[in-house]
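Novice: Got a file for you: query06.json, JSON, C-alpha atoms.
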[["chain", "number", "residue", "atom", "x", "y", "z"],
["A", 1, "MET", "CA", 207.99, 80.38, 135.18],
["A", 2, "THR", "CA", 208.14, 78.52, 138.51],
["A", 3, "ALA", "CA", 207.53, 74.78, 138.63],
["A", 4, "LEU", "CA", 206.34, 73.25, 141.87],
["A", 5, "CYS", "CA", 207.41, 69.71, 142.69],
["A", 6, "PRO", "CA", 207.20, 69.44, 146.49],
["A", 7, "ASP", "CA", 209.28, 66.60, 147.92],
["A", 8, "GLY", "CA", 207.28, 63.51, 148.75],
["A", 9, "GLN", "CA", 204.23, 64.36, 146.66],
["A", 10, "ARG", "CA", 204.49, 61.09, 144.76],
["A", 11, "ARG", "CA", 203.25, 59.32, 147.86],
["A", 12, "ASN", "CA", 200.14, 61.49, 147.85],
["A", 13, "GLY", "CA", 198.80, 60.27, 144.52],
["A", 14, "PHE", "CA", 197.20, 57.05, 143.33],
["A", 15, "LEU", "CA", 197.70, 54.43, 140.65],
["A", 16, "LEU", "CA", 195.04, 54.26, 137.94],
["A", 17, "ASP", "CA", 194.17, 50.72, 136.89],
["A", 18, "PHE", "CA", 194.03, 51.56, 133.19],
["A", 19, "LYS", "CA", 197.45, 53.25, 133.12],
["A", 20, "SER", "CA", 200.91, 52.27, 134.29],
["A", 21, "VAL", "CA", 201.53, 55.84, 135.45],
["A", 22, "TYR", "CA", 201.23, 57.05, 139.02],
["A", 23, "MET", "CA", 198.84, 60.00, 138.95],
["A", 24, "LEU", "CA", 198.27, 63.10, 141.06],
["A", 25, "LYS", "CA", 194.98, 64.95, 141.29],
["A", 26, "TYR", "CA", 194.43, 68.63, 140.61],
["A", 27, "ILE", "CA", 191.27, 70.55, 141.52],
["A", 28, "SER", "CA", 190.95, 74.04, 140.09],
["A", 29, "PRO", "CA", 190.39, 77.11, 142.29],
["A", 30, "GLY", "CA", 186.65, 77.31, 142.89],
["A", 31, "SER", "CA", 186.36, 73.57, 142.16],
["A", 32, "TRP", "CA", 185.14, 74.04, 138.61],
["A", 33, "PHE", "CA", 187.04, 71.03, 137.35],
["A", 34, "SER", "CA", 189.51, 68.33, 138.35],
["A", 35, "LEU", "CA", 192.03, 66.30, 136.39],
["A", 36, "GLU", "CA", 194.80, 63.77, 136.94],
["A", 37, "TYR", "CA", 198.38, 64.29, 135.78],
["A", 38, "PRO", "CA", 201.56, 62.14, 135.93],
["A", 39, "ASP", "CA", 203.39, 62.32, 139.24],
["A", 40, "SER", "CA", 206.64, 63.34, 137.51],
["A", 41, "TRP", "CA", 204.87, 66.51, 136.34],
["A", 42, "CYS", "CA", 204.33, 69.80, 138.15],
["A", 43, "GLU", "CA", 201.92, 72.70, 138.03],
["A", 44, "ALA", "CA", 203.66, 75.91, 136.97],
["A", 45, "GLU", "CA", 202.93, 79.62, 136.85],
["A", 46, "ASP", "CA", 200.97, 80.59, 133.74],
["A", 47, "ALA", "CA", 198.62, 83.27, 132.47],
["A", 48, "GLU", "CA", 195.62, 84.22, 134.61],
["A", 49, "ASP", "CA", 192.77, 81.67, 134.43],
["A", 50, "SER", "CA", 195.02, 79.17, 132.65],
["A", 51, "PHE", "CA", 196.65, 76.21, 134.38],
["A", 52, "LEU", "CA", 199.89, 74.69, 133.09],
["A", 53, "PHE", "CA", 201.47, 71.29, 133.79],
["A", 54, "PHE", "CA", 204.70, 69.71, 132.53],
["A", 55, "ASN", "CA", 207.64, 67.48, 133.46],
["A", 56, "PRO", "CA", 210.52, 69.78, 134.53],
["A", 57, "GLU", "CA", 213.10, 66.96, 134.57],
["A", 58, "LYS", "CA", 212.45, 65.54, 131.11],
["A", 59, "TRP", "CA", 210.18, 67.76, 129.06],
["A", 60, "ASN", "CA", 207.65, 65.82, 126.99],
["A", 61, "GLY", "CA", 204.97, 68.45, 126.51],
["A", 62, "ASN", "CA", 203.05, 71.32, 128.07],
["A", 63, "PHE", "CA", 199.44, 70.67, 129.09],
["A", 64, "ARG", "CA", 197.23, 73.75, 129.55],
["A", 65, "ILE", "CA", 193.62, 73.94, 130.60],
["A", 66, "SER", "CA", 191.15, 76.82, 130.89],
["A", 67, "ALA", "CA", 187.48, 76.78, 131.89],
["A", 68, "TYR", "CA", 184.79, 79.35, 131.11],
["A", 69, "ARG", "CA", 181.30, 79.70, 132.56],
["A", 70, "GLY", "CA", 178.44, 80.78, 130.28],
["A", 71, "GLU", "CA", 174.97, 82.06, 131.06],
["A", 72, "ASN", "CA", 172.99, 79.03, 129.88],
["A", 73, "ARG", "CA", 173.18, 75.24, 129.90],
["A", 74, "ASN", "CA", 174.02, 75.11, 126.19],
["A", 75, "TYR", "CA", 177.19, 77.19, 126.52],
["A", 76, "ALA", "CA", 179.67, 74.28, 126.29],
["A", 77, "ARG", "CA", 177.90, 72.74, 123.31],
["A", 78, "ASP", "CA", 177.61, 76.15, 121.60],
["A", 79, "CYS", "CA", 181.37, 76.70, 121.99],
["A", 80, "MET", "CA", 182.05, 73.34, 120.40],
["A", 81, "ALA", "CA", 179.64, 74.00, 117.54],
["A", 82, "GLY", "CA", 181.16, 77.41, 116.91],
["A", 83, "GLU", "CA", 184.66, 75.94, 116.74],
["A", 84, "LEU", "CA", 183.55, 73.25, 114.31],
["A", 85, "LYS", "CA", 181.89, 75.83, 112.09],
["A", 86, "HIS", "CA", 184.60, 78.47, 112.01],
["A", 87, "THR", "CA", 187.90, 76.57, 112.35],
["A", 88, "SER", "CA", 189.36, 74.77, 109.37],
["A", 89, "GLY", "CA", 190.43, 71.23, 110.19],
["A", 90, "ALA", "CA", 188.41, 70.99, 113.42],
["A", 91, "ARG", "CA", 186.64, 67.66, 113.89],
["A", 92, "GLN", "CA", 184.66, 65.78, 116.51],
["A", 93, "VAL", "CA", 186.40, 63.11, 118.59],
["A", 94, "ARG", "CA", 185.71, 61.21, 121.79],
["A", 95, "ILE", "CA", 188.31, 61.18, 124.57],
["A", 96, "GLY", "CA", 187.22, 58.91, 127.41],
["A", 97, "LYS", "CA", 183.68, 59.98, 128.27],
["A", 98, "TRP", "CA", 184.06, 63.42, 126.69],
["A", 99, "GLU", "CA", 182.77, 64.51, 123.30],
["A", 100, "CYS", "CA", 185.37, 67.01, 122.07],
["A", 101, "VAL", "CA", 186.16, 69.23, 119.14],
["A", 102, "TYR", "CA", 189.77, 68.52, 118.18],
["A", 103, "LEU", "CA", 192.18, 70.62, 116.14],
["A", 104, "THR", "CA", 195.93, 71.19, 115.83],
["A", 105, "GLU", "CA", 198.12, 74.25, 115.48],
["A", 106, "ASN", "CA", 201.74, 74.13, 114.28],
["A", 107, "PHE", "CA", 204.34, 76.77, 115.07],
["A", 108, "ARG", "CA", 208.08, 77.31, 115.21],
["A", 109, "GLU", "CA", 209.93, 78.69, 118.24],
["A", 110, "GLU", "CA", 213.68, 79.06, 118.86],
["A", 111, "GLY", "CA", 214.50, 76.81, 115.92],
["A", 112, "ASN", "CA", 212.13, 73.98, 116.91],
["A", 113, "ASP", "CA", 208.82, 72.94, 115.34],
["A", 114, "TYR", "CA", 205.92, 72.28, 117.69],
["A", 115, "THR", "CA", 202.33, 71.05, 117.46],
["A", 116, "SER", "CA", 199.58, 72.07, 119.86],
["A", 117, "HIS", "CA", 196.84, 69.45, 120.11],
["A", 118, "ILE", "CA", 193.66, 71.23, 121.22],
["A", 119, "TRP", "CA", 190.46, 69.74, 122.64],
["A", 120, "ILE", "CA", 187.36, 71.82, 123.34],
["A", 121, "THR", "CA", 184.76, 70.15, 125.51],
["A", 122, "GLY", "CA", 182.70, 70.87, 128.59],
["A", 123, "ARG", "CA", 179.45, 70.29, 130.38],
["A", 124, "ASP", "CA", 176.30, 72.39, 130.43],
["A", 125, "CYS", "CA", 177.32, 76.00, 131.21],
["A", 126, "ILE", "CA", 181.05, 75.26, 131.58],
["A", 127, "SER", "CA", 183.27, 75.14, 128.49],
["A", 128, "VAL", "CA", 186.76, 73.67, 128.83],
["A", 129, "GLU", "CA", 189.69, 74.14, 126.48],
["A", 130, "CYS", "CA", 192.72, 71.85, 126.80],
["A", 131, "SER", "CA", 195.93, 71.95, 124.82],
["A", 132, "PHE", "CA", 198.96, 69.66, 124.75],
["A", 133, "THR", "CA", 202.01, 71.11, 123.04],
["A", 134, "VAL", "CA", 204.79, 68.74, 121.93],
["A", 135, "LEU", "CA", 207.59, 68.65, 119.40],
["A", 136, "LYS", "CA", 206.13, 68.20, 115.95],
["A", 137, "GLY", "CA", 205.70, 64.50, 115.20],
["A", 138, "GLU", "CA", 205.43, 63.44, 118.86],
["A", 139, "LYS", "CA", 202.27, 61.63, 119.98],
["A", 140, "ALA", "CA", 199.56, 63.32, 122.07],
["A", 141, "THR", "CA", 198.85, 60.24, 124.23],
["A", 142, "VAL", "CA", 199.76, 61.89, 127.54],
["A", 143, "GLY", "CA", 197.49, 64.84, 126.79],
["A", 144, "GLU", "CA", 194.63, 62.52, 125.81],
["A", 145, "ASN", "CA", 195.01, 60.63, 129.10],
["A", 146, "ILE", "CA", 194.75, 63.87, 131.08],
["A", 147, "VAL", "CA", 191.68, 64.98, 129.11],
["A", 148, "SER", "CA", 190.02, 61.61, 129.74],
["A", 149, "SER", "CA", 190.46, 62.11, 133.50],
["A", 150, "LEU", "CA", 188.61, 65.45, 133.43],
["A", 151, "GLU", "CA", 185.67, 66.01, 135.77],
["A", 152, "VAL", "CA", 183.47, 69.13, 135.65],
["A", 153, "ARG", "CA", 181.42, 70.22, 138.66],
["A", 154, "LEU", "CA", 178.35, 72.42, 138.34],
["A", 155, "GLU", "CA", 177.39, 74.98, 140.99],
["A", 156, "ASN", "CA", 174.38, 73.01, 142.21],
["A", 157, "GLU", "CA", 176.40, 69.81, 142.73],
["A", 158, "LYS", "CA", 177.97, 68.61, 145.97],
["A", 159, "PRO", "CA", 181.31, 70.35, 146.63],
["A", 160, "TRP", "CA", 184.47, 68.26, 146.62],
["A", 161, "LYS", "CA", 186.26, 67.48, 149.89],
["A", 162, "GLU", "CA", 189.80, 66.33, 149.17],
["A", 163, "VAL", "CA", 193.47, 66.92, 149.91],
["A", 164, "ILE", "CA", 195.62, 67.43, 146.83],
["A", 165, "PRO", "CA", 199.27, 68.36, 146.11],
["A", 166, "VAL", "CA", 199.83, 72.03, 146.83],
["A", 167, "ARG", "CA", 198.76, 74.33, 143.99],
["A", 168, "VAL", "CA", 200.52, 77.41, 142.63],
["A", 169, "LEU", "CA", 197.75, 79.54, 144.16],
["A", 170, "GLU", "CA", 198.49, 78.31, 147.69],
["A", 171, "ILE", "CA", 202.26, 78.42, 147.16],
["A", 172, "ASN", "CA", 201.94, 82.13, 146.38],
["A", 173, "MET", "CA", 199.84, 82.63, 149.52],
["A", 174, "ILE", "CA", 202.38, 80.72, 151.62],
["A", 175, "ASN", "CA", 205.24, 82.80, 150.22],
["A", 176, "GLU", "CA", 203.44, 86.08, 150.89],
["A", 177, "ASP", "CA", 202.54, 85.16, 154.47],
["A", 178, "TYR", "CA", 206.02, 83.78, 155.15],
["A", 179, "ASP", "CA", 207.72, 86.91, 153.81],
["A", 180, "TRP", "CA", 205.48, 89.13, 155.96],
["A", 181, "ALA", "CA", 206.18, 87.10, 159.12],
["A", 182, "VAL", "CA", 209.94, 87.05, 158.51],
["A", 183, "SER", "CA", 209.91, 90.79, 157.91],
["A", 184, "ALA", "CA", 208.04, 91.34, 161.19],
["A", 185, "VAL", "CA", 210.56, 89.21, 163.09],
["A", 186, "LYS", "CA", 213.58, 90.94, 161.55],
["A", 187, "LYS", "CA", 212.10, 94.39, 162.15],
["A", 188, "GLN", "CA", 211.39, 93.77, 165.81],
["A", 189, "LEU", "CA", 214.34, 91.56, 166.78],
["A", 190, "THR", "CA", 216.91, 92.53, 164.10],
["A", 191, "LYS", "CA", 217.74, 88.84, 163.74],
["A", 192, "ASN", "CA", 218.20, 86.66, 160.68],
["A", 193, "PHE", "CA", 215.57, 84.02, 159.95],
["A", 194, "SER", "CA", 216.59, 80.67, 158.42],
["A", 195, "SER", "CA", 213.36, 78.66, 158.90],
["A", 196, "SER", "CA", 215.05, 76.30, 161.33],
["A", 197, "GLU", "CA", 213.83, 75.04, 164.71],
["A", 198, "ALA", "CA", 215.86, 77.76, 166.45],
["A", 199, "ASP", "CA", 213.66, 80.41, 164.79],
["A", 200, "ILE", "CA", 210.61, 79.24, 166.75],
["A", 201, "VAL", "CA", 211.93, 81.27, 169.70],
["A", 202, "SER", "CA", 212.03, 84.41, 167.54],
["A", 203, "ILE", "CA", 208.48, 83.95, 166.26],
["A", 204, "GLN", "CA", 207.29, 83.36, 169.82],
["A", 205, "LYS", "CA", 208.95, 86.55, 171.09],
["A", 206, "VAL", "CA", 207.22, 88.64, 168.43],
["A", 207, "MET", "CA", 203.88, 86.93, 169.07],
["A", 208, "ASP", "CA", 204.22, 87.56, 172.82],
["A", 209, "SER", "CA", 205.32, 91.18, 172.41],
["A", 210, "GLU", "CA", 201.75, 92.55, 172.27],
["A", 211, "SER", "CA", 202.66, 94.39, 169.07],
["A", 212, "PHE", "CA", 199.65, 92.86, 167.34],
["A", 213, "LYS", "CA", 196.00, 93.03, 168.36],
["A", 214, "ARG", "CA", 193.90, 89.93, 168.84],
["A", 215, "ASP", "CA", 191.70, 90.74, 165.82],
["A", 216, "GLN", "CA", 194.62, 91.03, 163.37],
["A", 217, "ARG", "CA", 193.88, 87.64, 161.89],
["A", 218, "GLN", "CA", 196.18, 87.95, 158.88],
["A", 219, "ALA", "CA", 199.18, 88.61, 161.13],
["A", 220, "TRP", "CA", 198.53, 85.58, 163.33],
["A", 221, "GLU", "CA", 197.92, 83.31, 160.35],
["A", 222, "SER", "CA", 201.18, 84.53, 158.79],
["A", 223, "PHE", "CA", 203.09, 83.57, 161.93],
["A", 224, "GLY", "CA", 201.46, 80.17, 161.65],
["A", 225, "ILE", "CA", 202.61, 79.82, 158.03],
["A", 226, "ALA", "CA", 206.18, 80.69, 159.06],
["A", 227, "PHE", "CA", 205.93, 78.01, 161.75],
["A", 228, "GLY", "CA", 204.67, 75.57, 159.11],
["A", 229, "THR", "CA", 207.69, 76.32, 156.93],
["A", 230, "ILE", "CA", 209.93, 75.35, 159.85],
["A", 231, "LEU", "CA", 208.05, 72.04, 160.18],
["A", 232, "VAL", "CA", 208.64, 71.31, 156.48],
["A", 233, "ASN", "CA", 212.36, 72.08, 156.76],
["A", 234, "GLU", "CA", 212.92, 70.12, 159.96],
["A", 235, "MET", "CA", 210.74, 67.04, 159.43],
["A", 236, "ASP", "CA", 211.41, 64.84, 156.40],
["A", 237, "GLY", "CA", 208.15, 63.86, 154.74],
["A", 238, "MET", "CA", 206.20, 66.90, 155.92],
["A", 239, "ASN", "CA", 204.81, 68.65, 152.83],
["A", 240, "TRP", "CA", 202.50, 71.48, 151.94],
["A", 241, "VAL", "CA", 199.18, 70.38, 150.45],
["A", 242, "THR", "CA", 195.99, 72.12, 149.41],
["A", 243, "VAL", "CA", 192.82, 71.26, 151.32],
["A", 244, "ILE", "CA", 189.57, 71.46, 149.35],
["A", 245, "ASP", "CA", 186.66, 71.54, 151.79],
["A", 246, "GLY", "CA", 183.54, 72.76, 150.06],
["A", 247, "ARG", "CA", 183.94, 76.50, 149.54],
["A", 248, "LYS", "CA", 187.08, 76.59, 151.71],
["A", 249, "GLU", "CA", 190.43, 76.07, 149.97],
["A", 250, "PHE", "CA", 193.61, 76.59, 151.97],
["A", 251, "PRO", "CA", 197.19, 75.35, 152.49],
["A", 252, "ALA", "CA", 198.00, 72.79, 155.18],
["A", 253, "LEU", "CA", 200.66, 70.19, 155.94],
["A", 254, "ARG", "CA", 200.48, 66.44, 155.56],
["A", 255, "PHE", "CA", 203.08, 63.95, 156.68],
["A", 256, "ALA", "CA", 204.16, 61.68, 153.82],
["A", 257, "GLY", "CA", 201.35, 59.38, 152.66],
["A", 258, "THR", "CA", 199.64, 59.30, 156.07],
["A", 259, "GLU", "CA", 196.44, 60.91, 157.28],
["A", 260, "PHE", "CA", 198.32, 63.07, 159.78],
["A", 261, "MET", "CA", 197.59, 66.73, 159.01],
["A", 262, "VAL", "CA", 198.75, 70.01, 160.51],
["A", 263, "TYR", "CA", 196.90, 73.30, 159.94],
["A", 264, "PRO", "CA", 199.55, 75.90, 160.88],
["A", 265, "ALA", "CA", 197.56, 79.06, 160.14],
["A", 266, "GLU", "CA", 194.56, 77.84, 162.14],
["A", 267, "LEU", "CA", 196.81, 76.50, 164.90],
["A", 268, "VAL", "CA", 197.94, 80.02, 165.85],
["A", 269, "TRP", "CA", 194.81, 81.99, 164.93],
["A", 270, "ASN", "CA", 192.36, 79.75, 166.80],
["A", 271, "LYS", "CA", 194.37, 80.06, 170.02],
["A", 272, "VAL", "CA", 194.65, 83.85, 169.75],
["A", 273, "LYS", "CA", 190.99, 84.22, 168.82],
["A", 274, "ALA", "CA", 190.04, 82.31, 171.98],
["A", 275, "GLY", "CA", 192.24, 84.60, 174.09],
["A", 276, "GLN", "CA", 194.88, 81.95, 174.66],
["A", 277, "ARG", "CA", 198.65, 81.97, 174.19],
["A", 278, "CYS", "CA", 199.92, 79.72, 171.41],
["A", 279, "ASP", "CA", 203.07, 77.96, 172.65],
["A", 280, "LEU", "CA", 204.90, 77.15, 169.43],
["A", 281, "LYS", "CA", 207.66, 75.19, 171.14],
["A", 282, "ALA", "CA", 205.08, 72.91, 172.77],
["A", 283, "GLU", "CA", 203.24, 72.53, 169.46],
["A", 284, "TYR", "CA", 206.49, 71.64, 167.72],
["A", 285, "SER", "CA", 207.25, 68.95, 170.29],
["A", 286, "ARG", "CA", 203.72, 67.56, 170.00],
["A", 287, "ILE", "CA", 203.87, 67.40, 166.20],
["A", 288, "LYS", "CA", 207.36, 65.88, 166.26],
["A", 289, "ALA", "CA", 206.18, 63.15, 168.65],
["A", 290, "GLU", "CA", 203.23, 62.38, 166.36],
["A", 291, "VAL", "CA", 205.54, 62.10, 163.35],
["A", 292, "GLU", "CA", 208.00, 59.86, 165.18],
["A", 293, "SER", "CA", 205.16, 57.57, 166.26],
["A", 294, "LEU", "CA", 204.16, 57.18, 162.61],
["A", 295, "LEU", "CA", 207.72, 56.26, 161.68]]
As structure tokens - that is how I would like this structure written.
Specialist:
Amino acid sequence: MTALCPDGQRRNGFLLDFKSVYMLKYISPGSWFSLEYPDSWCEAEDAEDSFLFFNPEKWNGNFRISAYRGENRNYARDCMAGELKHTSGARQVRIGKWECVYLTENFREEGNDYTSHIWITGRDCISVECSFTVLKGEKATVGENIVSSLEVRLENEKPWKEVIPVRVLEINMINEDYDWAVSAVKKQLTKNFSSSEADIVSIQKVMDSESFKRDQRQAWESFGIAFGTILVNEMDGMNWVTVIDGRKEFPALRFAGTEFMVYPAELVWNKVKAGQRCDLKAEYSRIKAEVESLL
């Protein structure tokens, strides 16, 4: 299980008036739903189609959420009714604006007793199941606060356009592209790669070697991601984020809590696509100057 707590992400959240906790926003892949979670928490790897959040420094519960799309507008309500009918101890509750079916499950693991607080809710054709697992006897307040922040977006509604802390999905993409680019550099130049400013020269040599065709978009975007990793390592406050722009969802960089954004994959690919040379050293100097002006 890999927890993701990128440095500086606390500055990318917001303070909710009705809570004394600084919150970060999460938007699910495909923008089915959004929620807000405490800034000391992280998203972590979990089962497919399930999203897990917890505090890696001081564990106080695991929050999981899954969403399912049905074929008719009554799907969410039917799921709730079915749970009420077939599950002993299930009852109706209201969490924020959401009507939920609530139940608990107790279990023992590695000598400890736990309780999973489960809420089933949703909207029209989208059913949502949330669970908050804590040590038995602990309150479920944090889980209830996250459930109350839930938003569900239907397909016919306006897409969200936001920048959020980087998700596990994009971290995996970044890692894959970075590993490919580093492998390409090592194979061609037989040099180590440490993601420092000095490695920009190595990436540039491989990009200029004519080993890759102009239409090999994935290769050029991967070189851009490797360049972005150097920016993160060399510039304090530069962090990976996830950009949600309608149907487009992709990793980018944002400097601290400012509006200054860098799109490393596009930076390289757009130049190559237009038949131009991407001068990474010049781009690095330009970005560094922008960052220093903000400081």
Novice: In Å, with one decimal, what is the gap from atom CA of Gly96 of chain A to atom CA of Asn55 of chain A?
Specialist: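 These atoms are spaced 23.0 Å apart.
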Novice: Could you list, as a list in words, every residue within 10 Å of Gly137 of chain A, counting all atoms listed in the file and ignoring same-chain residues fewer than 2 positions away?
Specialist: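 Here the answer would be Asp113, Tyr114, Thr115, Val134, Leu135, Lys139 and Ala140 of chain A.
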Novice: Which of these, A:Ser195, A:Asn233, A:Asn239, A:Ser66, has the shortest distance to Pro29 of chain A once you count all atoms listed in the file?
Specialist: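 Smallest separation from Pro29 of chain A among the options: A:Ser66.
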Novice: Do you know which residues lie at most 8 Å from (193.3, 68.9, 113.7), with coordinates as in the file and all atoms listed in the file counted, and could you write them as a VMD selection string?
Specialist: chain A and resid 89 to 91 102 to 105 117 to 118
Novice: Take the residues from that selection and put them in a file with C-alpha atoms, as a PDB file, keeping the file's coordinate frame.
Specialist:
ATOM      1  CA  GLY A  89     190.430  71.230 110.190  1.00  0.00           C
ATOM      2  CA  ALA A  90     188.410  70.990 113.420  1.00  0.00           C
ATOM      3  CA  ARG A  91     186.640  67.660 113.890  1.00  0.00           C
ATOM      4  CA  TYR A 102     189.770  68.520 118.180  1.00  0.00           C
ATOM      5  CA  LEU A 103     192.180  70.620 116.140  1.00  0.00           C
ATOM      6  CA  THR A 104     195.930  71.190 115.830  1.00  0.00           C
ATOM      7  CA  GLU A 105     198.120  74.250 115.480  1.00  0.00           C
ATOM      8  CA  HIS A 117     196.840  69.450 120.110  1.00  0.00           C
ATOM      9  CA  ILE A 118     193.660  71.230 121.220  1.00  0.00           C
TER      10      ILE A 118
END
Novice: Mind giving me the straight-line distance from atom CA of Ala256 of chain A to atom CA of Glu292 of chain A in Å, one decimal?
Specialist: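 If I compute the distance from atom CA of Ala256 of chain A to atom CA of Glu292 of chain A, I get 12.1 Å.
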Novice: Name the closest residue to Val201 of chain A among the candidates A:Ala282, A:Cys130, A:Ile244, A:Val93; distances are taken between atoms, counting all atoms listed in the file.
Specialist: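 Result for the nearest residue to Val201 of chain A: A:Ala282.
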Novice: Determine the nearest neighbour of Leu52 of chain A from the options A:Glu83, A:Ile95, A:Ser131, A:Ser116, counting all atoms listed in the file.
Specialist: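 Once distances to Leu52 of chain A are computed over all atoms listed in the file, the minimum belongs to A:Ser131.
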Novice: Pick the closest to Glu162 of chain A from A:Phe54, A:Trp41, A:Asp245, A:Trp269: which is it, counting all atoms listed in the file?
Specialist: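 Nearest candidate to Glu162 of chain A out of A:Phe54, A:Trp41, A:Asp245, A:Trp269: A:Asp245.
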Novice: Residues near segment 226-231 of chain A, anyone? I mean within 7 Å using all atoms listed in the file, not counting same-chain ones fewer than 5 positions away, as number ranges by chain.
Specialist: A: 178, 181, 195-197, 200, 238, 264
Novice: Skip Asn74 of chain A itself and residues of its chain fewer than 2 positions away, then list as an MDAnalysis selection string all residues within 7 Å of it, counting only C-alpha atoms.
Specialist: chainID A and resid 72 76:78 124:125
Novice: Please measure the separation of atom CA of Asp215 of chain A and atom CA of Val268 of chain A, giving the value in Å to one decimal.
Specialist: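 Pair atom CA of Asp215 of chain A / atom CA of Val268 of chain A returns 12.4 Å.
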Novice: Using all atoms listed in the file for the distances, tell me which of A:Ile27, A:Leu84, A:Ala274, A:Ile126 is nearest to Gly70 of chain A.
Specialist: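 Distance minimum relative to Gly70 of chain A lands on A:Ile126.
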Novice: For Val182 of chain A, list every protein, DNA or RNA residue within 12 Å, evaluated using only C-alpha atoms, and leave out those in the same chain fewer than 4 positions away; present the list as a short mmCIF file (atom, residue, chain, number, x, y, z; two decimals) with C-alpha atoms, keeping the file's coordinate frame.
Specialist:
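Generated output (out-v3.cif):
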data_model
loop_
_atom_site.label_atom_id
_atom_site.label_comp_id
_atom_site.auth_asym_id
_atom_site.auth_seq_id
_atom_site.Cartn_x
_atom_site.Cartn_y
_atom_site.Cartn_z
CA ASN A 175 205.24 82.80 150.22
CA GLU A 176 203.44 86.08 150.89
CA ASP A 177 202.54 85.16 154.47
CA TYR A 178 206.02 83.78 155.15
CA LYS A 186 213.58 90.94 161.55
CA LYS A 187 212.10 94.39 162.15
CA GLN A 188 211.39 93.77 165.81
CA LEU A 189 214.34 91.56 166.78
CA THR A 190 216.91 92.53 164.10
CA LYS A 191 217.74 88.84 163.74
CA ASN A 192 218.20 86.66 160.68
CA PHE A 193 215.57 84.02 159.95
CA SER A 194 216.59 80.67 158.42
CA SER A 195 213.36 78.66 158.90
CA ASP A 199 213.66 80.41 164.79
CA ILE A 200 210.61 79.24 166.75
CA SER A 202 212.03 84.41 167.54
CA ILE A 203 208.48 83.95 166.26
CA VAL A 206 207.22 88.64 168.43
CA ALA A 219 199.18 88.61 161.13
CA SER A 222 201.18 84.53 158.79
CA PHE A 223 203.09 83.57 161.93
CA GLY A 224 201.46 80.17 161.65
CA ILE A 225 202.61 79.82 158.03
CA ALA A 226 206.18 80.69 159.06
CA PHE A 227 205.93 78.01 161.75
CA THR A 229 207.69 76.32 156.93
CA ILE A 230 209.93 75.35 159.85
#
Novice: Extract, using only C-alpha atoms, all DNA, RNA and protein residues at most 9 Å from Gly122 of chain A, discarding same-chain residues fewer than 4 positions from it, and format them as a list in words.
Specialist: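 Listed by chain and then number, they are Ala67, Tyr75, Ala76, Arg77, Cys79, Met80, Trp98, Glu99, Cys100, Ile126, Ser127, Val128, Glu129 and Val152 of chain A.
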Novice: Between A:Glu283, A:Asp39, A:Glu109, A:Glu210, which is the closest to Pro56 of chain A once you count all atoms listed in the file?
Specialist: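 For Pro56 of chain A, the nearest of the given residues is A:Asp39.
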Novice: Tell me which residues come within 12 Å of (198.0, 67.8, 153.3), as an mmCIF file with C-alpha atoms, in the frame of the given file, counting all atoms listed in the file in the file's coordinates.
Specialist:
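Contents of selection.cif, as written:
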data_model
loop_
_atom_site.group_PDB
_atom_site.id
_atom_site.type_symbol
_atom_site.label_atom_id
_atom_site.label_comp_id
_atom_site.auth_asym_id
_atom_site.auth_seq_id
_atom_site.Cartn_x
_atom_site.Cartn_y
_atom_site.Cartn_z
ATOM 1 C CA PRO A 6 207.200 69.440 146.490
ATOM 2 C CA GLY A 8 207.280 63.510 148.750
ATOM 3 C CA GLN A 9 204.230 64.360 146.660
ATOM 4 C CA ARG A 11 203.250 59.320 147.860
ATOM 5 C CA ASN A 12 200.140 61.490 147.850
ATOM 6 C CA GLY A 13 198.800 60.270 144.520
ATOM 7 C CA GLU A 162 189.800 66.330 149.170
ATOM 8 C CA VAL A 163 193.470 66.920 149.910
ATOM 9 C CA ILE A 164 195.620 67.430 146.830
ATOM 10 C CA PRO A 165 199.270 68.360 146.110
ATOM 11 C CA VAL A 166 199.830 72.030 146.830
ATOM 12 C CA ARG A 167 198.760 74.330 143.990
ATOM 13 C CA GLU A 170 198.490 78.310 147.690
ATOM 14 C CA GLY A 228 204.670 75.570 159.110
ATOM 15 C CA VAL A 232 208.640 71.310 156.480
ATOM 16 C CA GLY A 237 208.150 63.860 154.740
ATOM 17 C CA MET A 238 206.200 66.900 155.920
ATOM 18 C CA ASN A 239 204.810 68.650 152.830
ATOM 19 C CA TRP A 240 202.500 71.480 151.940
ATOM 20 C CA VAL A 241 199.180 70.380 150.450
ATOM 21 C CA THR A 242 195.990 72.120 149.410
ATOM 22 C CA VAL A 243 192.820 71.260 151.320
ATOM 23 C CA ILE A 244 189.570 71.460 149.350
ATOM 24 C CA GLU A 249 190.430 76.070 149.970
ATOM 25 C CA PHE A 250 193.610 76.590 151.970
ATOM 26 C CA PRO A 251 197.190 75.350 152.490
ATOM 27 C CA ALA A 252 198.000 72.790 155.180
ATOM 28 C CA LEU A 253 200.660 70.190 155.940
ATOM 29 C CA ARG A 254 200.480 66.440 155.560
ATOM 30 C CA PHE A 255 203.080 63.950 156.680
ATOM 31 C CA ALA A 256 204.160 61.680 153.820
ATOM 32 C CA GLY A 257 201.350 59.380 152.660
ATOM 33 C CA THR A 258 199.640 59.300 156.070
ATOM 34 C CA GLU A 259 196.440 60.910 157.280
ATOM 35 C CA PHE A 260 198.320 63.070 159.780
ATOM 36 C CA MET A 261 197.590 66.730 159.010
ATOM 37 C CA VAL A 262 198.750 70.010 160.510
ATOM 38 C CA TYR A 263 196.900 73.300 159.940
ATOM 39 C CA PRO A 264 199.550 75.900 160.880
#
